[in-house]
Every structure is written in C-alpha cells, then in structure tokens.
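The next block is work-v2.txt, given as compact mmCIF, C-alpha atoms and all ligand atoms.
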# COMPACT_ATOMS: atom_id res chain seq x y z
CA MET L 1 -69.29 161.31 206.01
CA LYS L 2 -69.26 165.01 205.28
CA ARG L 3 -71.53 166.97 207.66
CA VAL L 4 -73.59 169.72 206.04
CA GLY L 5 -76.25 172.00 207.54
CA ILE L 6 -79.15 173.09 205.36
CA LEU L 7 -81.03 176.32 206.00
CA GLY L 8 -84.11 176.28 203.81
CA GLY L 9 -86.15 179.45 203.58
CA THR L 10 -87.99 182.01 201.52
CA PHE L 11 -85.29 184.65 202.14
CA ASP L 12 -87.66 187.45 201.12
CA PRO L 13 -85.35 189.18 201.99
CA PRO L 14 -82.43 187.45 203.76
CA HIS L 15 -81.51 189.08 207.10
CA LEU L 16 -78.94 188.88 209.89
CA GLY L 17 -81.07 186.28 211.72
CA HIS L 18 -80.46 183.81 208.88
CA LEU L 19 -76.71 184.46 208.94
CA ILE L 20 -76.38 184.22 212.72
CA ILE L 21 -78.34 180.95 212.80
CA GLY L 22 -76.14 179.43 210.09
CA GLU L 23 -72.92 180.43 211.83
CA GLU L 24 -74.01 179.41 215.34
CA VAL L 25 -75.28 175.97 214.26
CA ARG L 26 -72.16 175.34 212.18
CA LEU L 27 -69.99 176.03 215.22
CA ALA L 28 -72.15 174.15 217.73
CA LEU L 29 -72.40 170.97 215.63
CA ASN L 30 -69.01 171.22 213.96
CA LEU L 31 -70.51 171.22 210.46
CA GLU L 32 -68.25 171.60 207.45
CA GLU L 33 -70.61 173.75 205.39
CA ILE L 34 -74.00 175.45 205.49
CA TRP L 35 -76.08 175.37 202.33
CA PHE L 36 -78.81 178.01 202.03
CA VAL L 37 -81.71 176.62 199.99
CA PRO L 38 -84.19 179.24 198.74
CA SER L 39 -87.65 177.80 198.10
CA HIS L 40 -89.50 178.15 194.81
CA LEU L 41 -93.01 178.02 196.30
CA PRO L 42 -92.99 177.93 200.13
CA PRO L 43 -95.28 175.04 201.13
CA HIS L 44 -97.19 176.73 203.95
CA LYS L 45 -97.38 180.43 203.17
CA GLU L 46 -98.18 182.86 200.36
CA SER L 47 -95.78 183.09 197.46
CA ALA L 48 -92.73 185.27 197.91
CA LYS L 49 -93.10 188.97 197.12
CA THR L 50 -89.99 188.92 194.91
CA SER L 51 -88.72 186.60 192.18
CA ALA L 52 -86.45 183.63 192.80
CA THR L 53 -83.74 185.47 190.86
CA ASP L 54 -83.91 188.50 193.16
CA ARG L 55 -83.94 186.30 196.27
CA ILE L 56 -80.90 184.35 195.03
CA ASN L 57 -79.08 187.60 194.17
CA MET L 58 -79.83 188.98 197.64
CA LEU L 59 -78.62 185.73 199.24
CA MET L 60 -75.40 185.85 197.22
CA LYS L 61 -74.72 189.31 198.59
CA ALA L 62 -75.62 188.26 202.13
CA LEU L 63 -73.36 185.18 202.12
CA ASP L 64 -70.41 186.90 200.47
CA GLY L 65 -67.23 186.61 202.55
CA ASN L 66 -68.14 183.47 204.52
CA SER L 67 -66.39 180.51 202.88
CA PHE L 68 -68.49 178.02 204.87
CA PHE L 69 -71.73 179.37 203.34
CA SER L 70 -73.12 178.64 199.87
CA ILE L 71 -76.42 178.57 197.98
CA ASN L 72 -78.02 175.41 196.60
CA THR L 73 -80.69 176.12 193.97
CA ILE L 74 -82.32 172.66 193.91
CA GLU L 75 -85.73 174.06 194.91
CA THR L 76 -85.84 177.04 192.56
CA GLU L 77 -85.01 174.68 189.68
CA ARG L 78 -87.91 172.39 190.60
CA LEU L 79 -91.53 173.26 189.77
CA GLY L 80 -94.38 173.13 192.26
CA LYS L 81 -94.32 173.47 196.04
CA SER L 82 -90.92 173.19 197.67
CA TYR L 83 -91.50 170.24 199.96
CA THR L 84 -88.50 169.42 202.14
CA PHE L 85 -89.18 165.68 201.74
CA ASP L 86 -88.49 165.97 197.97
CA THR L 87 -85.43 168.14 198.55
CA ILE L 88 -83.80 165.84 201.10
CA LYS L 89 -84.53 162.77 198.99
CA ALA L 90 -82.89 164.36 195.93
CA LEU L 91 -79.90 165.69 197.87
CA GLN L 92 -79.24 162.33 199.52
CA LYS L 93 -79.26 160.68 196.10
CA GLU L 94 -76.91 163.29 194.64
CA PHE L 95 -74.56 163.40 197.66
CA PRO L 96 -74.50 159.87 199.15
CA ASP L 97 -71.40 160.64 201.28
CA THR L 98 -72.98 163.61 203.03
CA GLU L 99 -74.96 163.69 206.27
CA PHE L 100 -77.53 166.52 206.27
CA TYR L 101 -78.76 168.59 209.22
CA PHE L 102 -81.91 170.60 208.42
CA ILE L 103 -82.00 173.81 210.46
CA ILE L 104 -85.33 175.39 211.46
CA GLY L 105 -86.51 178.18 213.74
CA ALA L 106 -88.93 177.45 216.59
CA ASP L 107 -91.90 178.68 214.47
CA MET L 108 -91.20 175.80 212.07
CA VAL L 109 -90.58 173.38 214.97
CA GLU L 110 -94.12 174.08 216.19
CA TYR L 111 -95.47 173.52 212.68
CA LEU L 112 -93.49 170.35 211.94
CA GLN L 113 -96.44 168.00 212.42
CA HIS L 114 -98.08 169.54 209.33
CA TRP L 115 -95.09 169.06 207.02
CA HIS L 116 -95.49 166.90 203.93
CA ARG L 117 -94.63 163.25 204.72
CA ILE L 118 -93.15 164.23 208.10
CA ASP L 119 -93.34 160.69 209.48
CA GLU L 120 -90.87 159.58 206.81
CA LEU L 121 -88.84 162.78 206.72
CA ILE L 122 -88.13 162.70 210.45
CA ASN L 123 -86.26 159.41 209.96
CA MET L 124 -84.38 160.63 206.88
CA VAL L 125 -82.65 163.74 208.20
CA SER L 126 -81.57 165.25 211.53
CA PHE L 127 -83.57 168.37 212.38
CA VAL L 128 -81.84 171.18 214.26
CA GLY L 129 -84.06 173.70 216.07
CA VAL L 130 -83.13 177.22 217.19
CA LYS L 131 -85.16 179.52 219.43
CA ARG L 132 -87.44 182.23 218.09
CA ALA L 133 -89.46 184.71 220.14
CA GLY L 134 -93.04 183.61 220.69
CA TYR L 135 -92.58 179.92 219.85
CA LYS L 136 -91.76 176.75 221.77
CA LEU L 137 -88.53 175.05 220.77
CA HIS L 138 -89.18 171.78 222.52
CA SER L 139 -91.03 169.23 220.43
CA ALA L 140 -92.36 165.68 220.53
CA TYR L 141 -90.13 165.06 217.50
CA PRO L 142 -86.45 164.25 218.06
CA ILE L 143 -84.85 167.62 217.40
CA ILE L 144 -81.30 168.70 218.15
CA GLU L 145 -81.70 171.97 220.03
CA VAL L 146 -78.93 174.52 219.54
CA ASP L 147 -78.84 177.47 221.90
CA ILE L 148 -78.39 180.72 220.00
CA PRO L 149 -78.88 184.32 221.11
CA ALA L 150 -82.54 185.19 220.44
CA ILE L 151 -82.83 187.37 217.35
CA GLU L 152 -86.08 189.22 216.85
CA ILE L 153 -85.64 189.92 213.14
CA SER L 154 -87.95 188.59 210.44
CA SER L 155 -88.35 189.19 206.72
CA THR L 156 -91.91 190.35 207.46
CA LEU L 157 -90.62 193.10 209.78
CA ILE L 158 -88.18 194.25 207.10
CA ARG L 159 -90.82 194.23 204.32
CA ASP L 160 -93.26 196.17 206.54
CA ARG L 161 -90.68 198.78 207.40
CA LEU L 162 -89.50 199.18 203.81
CA SER L 163 -93.06 199.72 202.63
CA THR L 164 -93.48 202.62 205.07
CA ASN L 165 -89.97 204.02 204.62
CA GLU L 166 -88.90 203.22 208.17
CA THR L 167 -85.34 202.30 208.99
CA VAL L 168 -84.08 198.76 208.39
CA ARG L 169 -80.51 199.62 209.28
CA TYR L 170 -78.53 196.82 210.95
CA LEU L 171 -81.24 194.23 210.28
CA MET L 172 -79.53 192.94 207.14
CA PRO L 173 -76.19 193.38 205.39
CA GLU L 174 -75.80 196.81 203.79
CA THR L 175 -75.17 195.13 200.39
CA VAL L 176 -78.61 193.52 200.50
CA TYR L 177 -80.20 196.86 201.36
CA THR L 178 -78.42 198.52 198.43
CA TYR L 179 -79.72 195.79 196.07
CA ILE L 180 -83.28 196.27 197.37
CA LYS L 181 -83.10 200.01 196.80
CA GLU L 182 -81.56 199.66 193.31
CA LYS L 183 -84.24 197.19 192.22
CA GLN L 184 -87.01 199.08 194.06
CA LEU L 185 -88.20 195.92 195.82
CA TYR L 186 -90.89 195.87 198.53
CA GLU L 187 -92.16 199.35 197.71
CA SER L 188 -95.88 199.75 198.26
N1 LIG I 201 -84.91 185.57 213.75
C1 LIG I 201 -84.97 184.25 213.60
N2 LIG I 201 -84.78 183.41 214.66
C2 LIG I 201 -84.85 182.07 214.51
N3 LIG I 201 -85.11 181.46 213.33
C3 LIG I 201 -85.34 182.24 212.25
C4 LIG I 201 -85.28 183.66 212.33
N4 LIG I 201 -85.52 184.16 211.09
C5 LIG I 201 -85.75 183.12 210.29
N5 LIG I 201 -85.63 181.95 210.97
C6 LIG I 201 -85.77 180.59 210.44
O1 LIG I 201 -85.09 180.56 209.19
C7 LIG I 201 -85.82 179.75 208.24
C8 LIG I 201 -86.14 180.56 206.99
O2 LIG I 201 -86.93 181.66 207.37
P1 LIG I 201 -87.61 182.64 206.31
O3 LIG I 201 -86.72 182.82 205.12
O4 LIG I 201 -89.00 182.23 206.04
O5 LIG I 201 -87.56 184.03 207.13
P2 LIG I 201 -88.67 184.68 208.05
O6 LIG I 201 -88.00 185.84 208.72
O7 LIG I 201 -89.32 183.65 208.92
O8 LIG I 201 -89.69 185.19 206.92
P3 LIG I 201 -91.18 185.75 207.01
O9 LIG I 201 -91.21 186.84 208.06
O10 LIG I 201 -91.44 186.25 205.63
O11 LIG I 201 -92.07 184.57 207.38
C9 LIG I 201 -87.06 179.24 208.99
O12 LIG I 201 -86.78 177.96 209.52
C10 LIG I 201 -87.23 180.25 210.13
O13 LIG I 201 -87.84 179.69 211.26
O1 LIG I 202 -92.14 170.24 203.43
C1 LIG I 202 -93.00 170.89 204.05
O2 LIG I 202 -94.17 170.49 204.19
C2 LIG I 202 -92.59 172.22 204.65
C3 LIG I 202 -93.52 173.01 205.34
C4 LIG I 202 -93.12 174.24 205.85
C5 LIG I 202 -91.80 174.67 205.66
N1 LIG I 202 -90.93 173.86 204.98
C6 LIG I 202 -89.54 174.31 204.75
O3 LIG I 202 -89.02 174.96 205.87
C7 LIG I 202 -88.13 176.01 205.46
C8 LIG I 202 -88.56 177.32 206.11
O4 LIG I 202 -89.83 177.66 205.60
P1 LIG I 202 -90.30 179.20 205.46
O5 LIG I 202 -91.63 179.12 204.78
O6 LIG I 202 -90.34 179.73 206.85
O7 LIG I 202 -89.29 179.91 204.61
C9 LIG I 202 -88.20 176.04 203.92
O8 LIG I 202 -87.11 175.30 203.41
C10 LIG I 202 -89.50 175.33 203.62
O9 LIG I 202 -89.51 174.69 202.35
C11 LIG I 202 -91.30 172.66 204.49
I need this file expressed as structure tokens, please.
Ligand SMILES: Nc1ncnc2c1ncn2[C@@H]1O[C@H](COP(=O)(O)OP(=O)(O)OP(=O)(O)O)[C@@H](O)[C@H]1O
Ligand SMILES: O=C(O)c1ccc[n+]([C@@H]2O[C@H](COP(=O)([O-])O)[C@@H](O)[C@H]2O)c1
Amino acid sequence: MKRVGILGGTFDPPHLGHLIIGEEVRLALNLEEIWFVPSHLPPHKESAKTSATDRINMLMKALDGNSFFSINTIETERLGKSYTFDTIKALQKEFPDTEFYFIIGADMVEYLQHWHRIDELINMVSFVGVKRAGYKLHSAYPIIEVDIPAIEISSTLIRDRLSTNETVRYLMPETVYTYIKEKQLYES
C-alpha cells in the first residue's frame, strides 16, 4: 500500500506552519507524499475570505519546490460543506491501493467529537495529531501523535496583520505574500 498524508485546511492564506507540519509528519511516519486538500466550505467556521481559486493559487506557490507535496482539489470541486467523511470515502474509492493519514492540529483534535460521522470516520482513516499552542493534543480517540516544534502561526494572525499593514515577514513564503499584494487580498 502507498502511504499518503492528507493535510486538509482552509489555507486562507497558507503559511509556514502548514508546510512545517507536512514535512515533519512525512518524515516521522515515512509517508511517500503529502496531499494538501483545500476545503470548499469549511464545516465548522465562517466561509473563507478569499475564493477557492485564490487559495489554490496561493497553495501552488507555497508548495512549489517540494516534490513530496501536491494539491488535491476534490473538495473545491464538490458543492456544499467539505466534510472529511465524504472526502475520505471518495478518495478511498478512487485510490484503493493507498493508505491515508489525515493530519490535524491540536485545535482540531479537541474538536474531533463534533465532526460529521466521526464514529465511522475514526475507523476509516488514521488521524495524526500535531501540537498547537493553547490546545490539548491527547484525545480519547486513537490518534497518532507526532512531535513537531510548536509553531505559533495562524492564518487569522496573518489576515489581522495584513488588514492593519503590520509585518507578516517570515510567516509565509515570500511568493505567497507577493500574490496577496498583487491581488490586493485581505485588505480592509
Ligand atoms: N501553527 C499550527 N500548528 C499546528 N497545526 C496547525 C497550525 N496551523 C494550522 N494547523 C492545522 O492545519 C490544518 C489547516 O489549518 P487552517 O488552514 O484552517 O489554518 P489556520 O491557521 O488554523 O486558519 P485560521 O486561523 O483561519 O483558523 C488544521 O488541522 C490546523 O489545526
Ligand atoms: O468533517 C467535519 O465535520 C470537519 C469538521 C472540522 C474540520 N474538518 C476538516 O479539518 C480540516 C481543517 O479544518 P479548518 O477549518 O481548520 O481548515 C479541513 O480539512 C476540514 O474540512 C472537518
């Protein structure tokens, strides 16, 4: 079986935290690839501030140069809320020879009990949890914990800073920043 990690997210915008998580989990679990899956409508929070096209374009720039990383657009091609249950079911049907590892930060680990059809999903895919400041990583659910350096970067922090013209240097790849400025995203 091929072993693939999935990092689902809103990526509004993508930042170095996403990239570090993908790389660290790939190494720790010896995964062959990491697929970044941008959501169409995030199930548990407000809609993204930018279009799916902009978020995919930003991700493409962020992932450029890492041959282990790619984007899978299954969720942005599907209408409605981007439930992970539906995504995993569809991916397992399309790629029967692949074993999937769904990577989540500790904020999502804490929230896992509220996920759509979690009692079925937990038996369908291996969840991998990574630490995030302010949240507990340990869970009653069987989660593979991967120790990564704590990274206190979030898309919210970046959006807030961009809207007040504060620096976002070193929080995301320069190419993503250039795209944001060219397209005038996140301006208040
Ligand atoms: N700095 C981080 N440390 C650990 N996990 C993270 C970090 N940033 C994002 N993640 C995880 O990556 C996945 C996708 O995150 P997402 O794209 O929503 O970014 P975010 O920074 O959490 O965004 P927002 O601030 O808009 O909520 C989630 O599972 C989230 O927990
Ligand atoms: O399926 C669910 O009920 C569910 C609830 C919350 C989050 N998720 C998924 O978890 C990933 C991270 O979510 P987010 O909102 O932090 O970007 C993303 O792929 C979401 O679709 C999924």
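If you measure from each of L:Asp54, L:Glu94, L:Glu166, L:Glu110 to His40 in chain L using all atoms listed in the file, the closest one turns out to be L:Asp54.
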- Message: Please identify all protein, DNA and RNA residues within 7 Å of ligand LIG 202 (chain I), counting all atoms listed in the file, and report them as an MDAnalysis selection string.
- Response: chainID L and resid 7:11 37:39 42:45 82:85 104 108 114:116
Using C-alpha atoms, can you write the selected residues to a file as a short mmCIF file (atom, residue, chain, number, x, y, z; two decimals), keeping the file's coordinate frame?
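Below is the file selection-v7.cif, written as the result:
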data_model
loop_
_atom_site.label_atom_id
_atom_site.label_comp_id
_atom_site.auth_asym_id
_atom_site.auth_seq_id
_atom_site.Cartn_x
_atom_site.Cartn_y
_atom_site.Cartn_z
CA LEU L 7 -81.03 176.32 206.00
CA GLY L 8 -84.11 176.28 203.81
CA GLY L 9 -86.15 179.45 203.58
CA THR L 10 -87.99 182.01 201.52
CA PHE L 11 -85.29 184.65 202.14
CA VAL L 37 -81.71 176.62 199.99
CA PRO L 38 -84.19 179.24 198.74
CA SER L 39 -87.65 177.80 198.10
CA PRO L 42 -92.99 177.93 200.13
CA PRO L 43 -95.28 175.04 201.13
CA HIS L 44 -97.19 176.73 203.95
CA LYS L 45 -97.38 180.43 203.17
CA SER L 82 -90.92 173.19 197.67
CA TYR L 83 -91.50 170.24 199.96
CA THR L 84 -88.50 169.42 202.14
CA PHE L 85 -89.18 165.68 201.74
CA ILE L 104 -85.33 175.39 211.46
CA MET L 108 -91.20 175.80 212.07
CA HIS L 114 -98.08 169.54 209.33
CA TRP L 115 -95.09 169.06 207.02
CA HIS L 116 -95.49 166.90 203.93
#
Can you write out as JSON lines which residues of chain L fall within 7 Å of ligand LIG 201 (chain I), alongside each residue's closest atom pair and its distance in Å to one decimal, counting all atoms listed in the file and ordering rows by chain and ascending residue number?
{"residue": "L:Leu7", "atom": "CA", "partner": "I:LIG201", "partner_atom": "C7", "distance": 6.3}
{"residue": "L:Gly8", "atom": "CA", "partner": "I:LIG201", "partner_atom": "C8", "distance": 5.7}
{"residue": "L:Gly9", "atom": "CA", "partner": "I:LIG201", "partner_atom": "C8", "distance": 3.6}
{"residue": "L:Thr10", "atom": "CA", "partner": "I:LIG201", "partner_atom": "O3", "distance": 3.9}
{"residue": "L:Phe11", "atom": "CA", "partner": "I:LIG201", "partner_atom": "O3", "distance": 3.8}
{"residue": "L:Asp12", "atom": "CA", "partner": "I:LIG201", "partner_atom": "O10", "distance": 6.0}
{"residue": "L:Pro14", "atom": "CA", "partner": "I:LIG201", "partner_atom": "O3", "distance": 6.5}
{"residue": "L:Gly17", "atom": "CA", "partner": "I:LIG201", "partner_atom": "N1", "distance": 4.4}
{"residue": "L:His18", "atom": "CA", "partner": "I:LIG201", "partner_atom": "C5", "distance": 5.5}
{"residue": "L:Ile21", "atom": "CA", "partner": "I:LIG201", "partner_atom": "N3", "distance": 6.8}
{"residue": "L:Ile103", "atom": "CA", "partner": "I:LIG201", "partner_atom": "O12", "distance": 6.4}
{"residue": "L:Ile104", "atom": "CA", "partner": "I:LIG201", "partner_atom": "O12", "distance": 3.5}
{"residue": "L:Gly105", "atom": "CA", "partner": "I:LIG201", "partner_atom": "O13", "distance": 3.2}
{"residue": "L:Ala106", "atom": "CA", "partner": "I:LIG201", "partner_atom": "O13", "distance": 5.9}
{"residue": "L:Asp107", "atom": "CA", "partner": "I:LIG201", "partner_atom": "O13", "distance": 5.3}
{"residue": "L:Met108", "atom": "CA", "partner": "I:LIG201", "partner_atom": "O13", "distance": 5.2}
{"residue": "L:Val130", "atom": "CA", "partner": "I:LIG201", "partner_atom": "C2", "distance": 5.8}
{"residue": "L:Lys131", "atom": "CA", "partner": "I:LIG201", "partner_atom": "C2", "distance": 5.6}
{"residue": "L:Arg132", "atom": "CA", "partner": "I:LIG201", "partner_atom": "C2", "distance": 4.4}
{"residue": "L:Ala150", "atom": "CA", "partner": "I:LIG201", "partner_atom": "N2", "distance": 6.4}
{"residue": "L:Ile151", "atom": "CA", "partner": "I:LIG201", "partner_atom": "N1", "distance": 4.5}
{"residue": "L:Glu152", "atom": "CA", "partner": "I:LIG201", "partner_atom": "N1", "distance": 4.9}
{"residue": "L:Ile153", "atom": "CA", "partner": "I:LIG201", "partner_atom": "N1", "distance": 4.5}
{"residue": "L:Ser154", "atom": "CA", "partner": "I:LIG201", "partner_atom": "O6", "distance": 3.2}
{"residue": "L:Ser155", "atom": "CA", "partner": "I:LIG201", "partner_atom": "O6", "distance": 3.9}
{"residue": "L:Thr156", "atom": "CA", "partner": "I:LIG201", "partner_atom": "O9", "distance": 3.6}
{"residue": "L:Leu157", "atom": "CA", "partner": "I:LIG201", "partner_atom": "O9", "distance": 6.5}
- Task: Identify, on the basis of all atoms listed in the file, every residue whose closest approach to Tyr101 in chain L does not exceed 8 Å; exclude the query and any residue fewer than 6 positions from it along the same chain; express the result as an MDAnalysis selection string.
- Result: chainID L and resid 3:6 125:128
- Item | For CA of Val109 in chain L and CA of Ile74 in chain L, the interatomic separation in Å (one decimal) | 22.6 Å
- Do you know which residues are at most 12 Å from Thr178 in chain L counting all atoms listed in the file, after dropping those on the same chain fewer than 6 positions away, and could you put them as a VMD selection string? chain L and resid 57 to 58 61 to 62 168 to 169 172 184 to 185
- Message: Given all atoms listed in the file as the basis, pick out the residue of L:Ile148, L:Leu162, L:Leu59, L:Ile71 nearest to Glu24 in chain L.
- Response: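 Among the listed residues, the smallest separation from Glu24 in chain L belongs to L:Ile148.
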- Note on the structure: Counting only C-alpha atoms, the residue among L:Leu79, L:Ala140, L:Val146, L:Met60 that lies closest to Gln113 in chain L is L:Ala140
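Proximity of L:Leu29, L:Leu137, L:Leu16, L:Met124 to Leu91 in chain L, computed with all atoms listed in the file, is greatest for L:Met124.
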- Query: Which residue out of L:Ala90, L:Thr76, L:Ile118, L:Phe68 has the minimum interatomic distance to Ile56 in chain L when only C-alpha atoms are used?
  - Reply: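 Checking each candidate against Ile56 in chain L, we get L:Thr76 as the closest.
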- Query: Could you work out how far CA of Ile88 in chain L lies from CA of Glu145 in chain L, giving the answer in Å with one decimal?
  - Reply: 20.0 Å
- Task: Rounded to one decimal place, report the CA of Gly129 in chain L-CA of Leu27 in chain L distance in Å.
- Result: 14.3 Å
